[in-house]
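Participant: Sharing a structure with you now.
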Amino acid sequence: MHESAASMLSTWANFYVMVGGAAAALTGLMFVVITLVSGVERTLPSHDGIGTFSTPTVLYFCAALVVAATFCAPWHELLVPGSLVGLLGLCGCAYVLRTMHRATRLQSYKPDVEDWTWFWCLPFLAFATMLAGGIALPRSHGMVVHSALFAIGAAVVLLIFIGIRNSWDVVTYFTIGSVENEDKTGSNES
């Protein structure tokens, strides 16, 4: 007995409404954070730093929002949502690789192991999982479909947690850099 796409996705509706709302709210908060730190003196060039660290975080939240919106739509078949999520996973993998390359070219900051893990390795894993789940979703039945839905859900939650952690990292980096700059300026004036 095959379940319809609508009935399979309807069981996920509350999950994706919650995740989508969180992703949208966190995306908005990133705009507030960038606005607040825009007046802070930076040690990174603004374009490189924002393009390498903050913009990907917004993209991770937006990817979670897109998946949530996709799975809340009333689909009759899993081919279209699976294809959309798979395509998003593929584009996400490519984007993470691009930002990894950008990070290797930074002059004033060298990412450490923690940066590589949270800003690039885990997001790549999340997008690769999304890609695999998107590919498996329309081609499968029964438990494989349920496993693909759980894999995609886990990837979305991982992207949100990565975004939260990375947002905090960026804010604390700017805050600590600002305090250190004030300390240097204050000690030079004495």
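Residues in the structure tokens are named by chain (A, B, ... in the order shown) and by number from 1 within that chain; ligands are numbered from 1 in the order shown.
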Residues of range 23-126 of chain A classed as alpha helix (DSSP H) by DSSP on the backbone are to be reported as a ChimeraX atom specification.

Facilitator: /A:23-37,46-49,55-72,79-104,113-115,122-126

Participant: What's the 12 Å shell around Ala25 in chain A, counting only C-alpha atoms, without same-chain residues fewer than 5 positions away, as a ChimeraX atom specification?

Facilitator: /A:18-20,30-32,58,61-62,64-65,160,163-164

Participant: Do a neighbour search on Ile152 in chain A at 7 Å with only C-alpha atoms, toss out local chain neighbours closer than 3 positions, and write the hits as an MDAnalysis selection string.

Facilitator: chainID A and resid 129:130 133 148:149 155:156

Participant: Smallest atom-to-atom distance to Val144 in chain A: which of A:Ala126, A:Ala132, A:Leu59, A:Ala73, using only C-alpha atoms?

Facilitator: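 Once distances to Val144 in chain A are computed over only C-alpha atoms, the minimum belongs to A:Ala132.
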
Participant: So what do you get for CA of Phe127 in chain A versus CA of Gly153 in chain A, distance-wise?

Facilitator: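 Between CA of Phe127 in chain A and CA of Gly153 in chain A the gap is 11.4 Å.
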
Participant: For Trp75 in chain A, which residue among A:Gly89, A:Pro138, A:Pro56, A:Pro111 is the nearest when counting only C-alpha atoms?

Facilitator: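 The shortest atom-to-atom distance to Trp75 in chain A comes from A:Pro138.
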
Participant: Pick from A:Ala22, A:Leu78, A:Ala68, A:Gln107: nearest to His146 in chain A, with only C-alpha atoms counted?

Facilitator: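 With only C-alpha atoms as the atom set, the closest residue is A:Leu78.
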
Participant: Show which residues sit within 12 Å of Thr52 in chain A, as an NGL selection string. Count only C-alpha atoms, and ignore same-chain residues fewer than 3 positions away.

Facilitator: :A and (44-49 or 55-59 or 95-106 or 109-111 or 115-116 or 119-120 or 166 or 170)

Participant: If you keep N, CA and C atoms, can you produce a file of those selected residues as an mmCIF file, in the first residue's frame?

Facilitator:
data_model
loop_
_atom_site.group_PDB
_atom_site.id
_atom_site.type_symbol
_atom_site.label_atom_id
_atom_site.label_comp_id
_atom_site.auth_asym_id
_atom_site.auth_seq_id
_atom_site.Cartn_x
_atom_site.Cartn_y
_atom_site.Cartn_z
ATOM 1 N N LEU A 44 38.658 42.560 9.817
ATOM 2 C CA LEU A 44 38.515 41.940 8.501
ATOM 3 C C LEU A 44 38.003 42.971 7.513
ATOM 4 N N PRO A 45 38.447 42.916 6.278
ATOM 5 C CA PRO A 45 37.805 43.760 5.280
ATOM 6 C C PRO A 45 36.334 43.384 5.212
ATOM 7 N N SER A 46 35.451 44.384 5.179
ATOM 8 C CA SER A 46 34.025 44.110 5.303
ATOM 9 C C SER A 46 33.514 43.166 4.226
ATOM 10 N N HIS A 47 33.927 43.316 2.986
ATOM 11 C CA HIS A 47 33.418 42.468 1.918
ATOM 12 C C HIS A 47 33.853 41.022 2.117
ATOM 13 N N ASP A 48 35.136 40.806 2.367
ATOM 14 C CA ASP A 48 35.628 39.442 2.557
ATOM 15 C C ASP A 48 35.040 38.795 3.801
ATOM 16 N N GLY A 49 35.016 39.536 4.902
ATOM 17 C CA GLY A 49 34.506 38.975 6.157
ATOM 18 C C GLY A 49 33.030 38.649 6.082
ATOM 19 N N THR A 55 27.247 36.093 5.219
ATOM 20 C CA THR A 55 26.346 35.773 4.115
ATOM 21 C C THR A 55 26.015 34.281 4.056
ATOM 22 N N PRO A 56 26.994 33.379 4.222
ATOM 23 C CA PRO A 56 26.636 31.955 4.226
ATOM 24 C C PRO A 56 25.644 31.607 5.339
ATOM 25 N N THR A 57 25.767 32.254 6.488
ATOM 26 C CA THR A 57 24.840 31.979 7.587
ATOM 27 C C THR A 57 23.424 32.364 7.203
ATOM 28 N N VAL A 58 23.248 33.495 6.561
ATOM 29 C CA VAL A 58 21.925 33.888 6.081
ATOM 30 C C VAL A 58 21.434 32.869 5.049
ATOM 31 N N LEU A 59 22.326 32.421 4.177
ATOM 32 C CA LEU A 59 21.944 31.423 3.183
ATOM 33 C C LEU A 59 21.478 30.127 3.853
ATOM 34 N N TYR A 95 27.938 26.177 -3.244
ATOM 35 C CA TYR A 95 28.143 27.446 -2.543
ATOM 36 C C TYR A 95 29.126 27.280 -1.383
ATOM 37 N N VAL A 96 29.006 26.190 -0.636
ATOM 38 C CA VAL A 96 29.927 25.950 0.479
ATOM 39 C C VAL A 96 31.356 25.800 -0.050
ATOM 40 N N LEU A 97 31.521 25.082 -1.146
ATOM 41 C CA LEU A 97 32.858 24.944 -1.728
ATOM 42 C C LEU A 97 33.413 26.296 -2.164
ATOM 43 N N ARG A 98 32.544 27.143 -2.703
ATOM 44 C CA ARG A 98 32.971 28.492 -3.120
ATOM 45 C C ARG A 98 33.422 29.320 -1.912
ATOM 46 N N THR A 99 32.668 29.255 -0.812
ATOM 47 C CA THR A 99 33.063 30.029 0.365
ATOM 48 C C THR A 99 34.309 29.435 1.032
ATOM 49 N N MET A 100 34.493 28.130 0.910
ATOM 50 C CA MET A 100 35.731 27.520 1.420
ATOM 51 C C MET A 100 36.931 28.088 0.660
ATOM 52 N N HIS A 101 36.786 28.186 -0.637
ATOM 53 C CA HIS A 101 37.856 28.756 -1.460
ATOM 54 C C HIS A 101 38.108 30.210 -1.073
ATOM 55 N N ARG A 102 37.044 30.963 -0.857
ATOM 56 C CA ARG A 102 37.174 32.369 -0.445
ATOM 57 C C ARG A 102 37.921 32.466 0.890
ATOM 58 N N ALA A 103 37.642 31.545 1.796
ATOM 59 C CA ALA A 103 38.291 31.565 3.112
ATOM 60 C C ALA A 103 39.797 31.342 3.001
ATOM 61 N N THR A 104 40.210 30.535 2.039
ATOM 62 C CA THR A 104 41.654 30.290 1.885
ATOM 63 C C THR A 104 42.388 31.517 1.374
ATOM 64 N N ARG A 105 41.666 32.472 0.792
ATOM 65 C CA ARG A 105 42.291 33.687 0.242
ATOM 66 C C ARG A 105 42.257 34.866 1.209
ATOM 67 N N LEU A 106 41.661 34.703 2.381
ATOM 68 C CA LEU A 106 41.625 35.808 3.345
ATOM 69 C C LEU A 106 43.044 36.174 3.758
ATOM 70 N N TYR A 109 42.793 37.255 8.241
ATOM 71 C CA TYR A 109 42.301 36.269 9.210
ATOM 72 C C TYR A 109 42.455 34.888 8.603
ATOM 73 N N LYS A 110 43.001 33.979 9.370
ATOM 74 C CA LYS A 110 43.141 32.595 8.921
ATOM 75 C C LYS A 110 42.186 31.727 9.737
ATOM 76 N N PRO A 111 41.203 31.111 9.079
ATOM 77 C CA PRO A 111 40.250 30.273 9.797
ATOM 78 C C PRO A 111 40.947 29.111 10.508
ATOM 79 N N ASP A 115 36.452 26.999 12.850
ATOM 80 C CA ASP A 115 35.831 27.703 11.723
ATOM 81 C C ASP A 115 35.555 26.744 10.574
ATOM 82 N N TRP A 116 36.556 25.948 10.223
ATOM 83 C CA TRP A 116 36.378 25.002 9.111
ATOM 84 C C TRP A 116 35.242 24.031 9.404
ATOM 85 N N PHE A 119 31.720 26.452 9.747
ATOM 86 C CA PHE A 119 31.351 27.295 8.612
ATOM 87 C C PHE A 119 31.326 26.537 7.290
ATOM 88 N N TRP A 120 32.049 25.399 7.193
ATOM 89 C CA TRP A 120 32.109 24.734 5.890
ATOM 90 C C TRP A 120 31.859 23.236 5.941
ATOM 91 N N ASN A 166 27.026 30.000 14.244
ATOM 92 C CA ASN A 166 27.884 30.883 13.456
ATOM 93 C C ASN A 166 27.520 32.351 13.656
ATOM 94 N N VAL A 170 30.186 35.157 14.940
ATOM 95 C CA VAL A 170 30.446 36.427 14.262
ATOM 96 C C VAL A 170 30.225 37.602 15.211
#

Participant: Which residue is closest to Thr175 in chain A? Choose from A:Glu77, A:Val33, A:Phe124, A:Cys93 and count only C-alpha atoms.

Facilitator: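 So, comparing all the options, the nearest one is A:Val33.
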
Participant: Check the smallest atom-to-atom distance from each of A:Val85, A:Leu122, A:Ala94, A:Leu26 to Ala136 in chain A using only C-alpha atoms, then report the winner.

Facilitator: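 For Ala136 in chain A, the nearest of the candidates is A:Val85.
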
Participant: CA of Pro123 in chain A and CA of Asp169 in chain A, how far apart in Å?

Facilitator: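 Result for CA of Asp169 in chain A versus CA of Pro123 in chain A: 15.2 Å, one decimal.
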
Participant: Which residues come within 7 Å of Phe71 in chain A, counting only C-alpha atoms, excluding same-chain residues fewer than 3 positions away, as a list in words?

Facilitator: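 Counting only the stated atoms, we get Leu9, Val67, Ala68 and Pro81 of chain A.
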
Participant: Using only C-alpha atoms, can you tell me which of A:Ser167, A:Met8, A:Ala151, A:Ile162 comes closest to His76 in chain A?

Facilitator: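 Between A:Ser167, A:Met8, A:Ala151, A:Ile162, the residue approaching His76 in chain A most closely is A:Met8.
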
Participant: Just the residues within 7 Å of Gly82 in chain A, please, counting only C-alpha atoms, with nothing from its chain fewer than 2 positions along; format it as a PyMOL selection string.

Facilitator: chain A and resi 78-80+84-86+134-135+137-138

Participant: Do you have the CA of Leu158 in chain A-CA of Met143 in chain A distance handy?

Facilitator: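 According to the coordinates, CA of Leu158 in chain A and CA of Met143 in chain A are separated by 22.1 Å.
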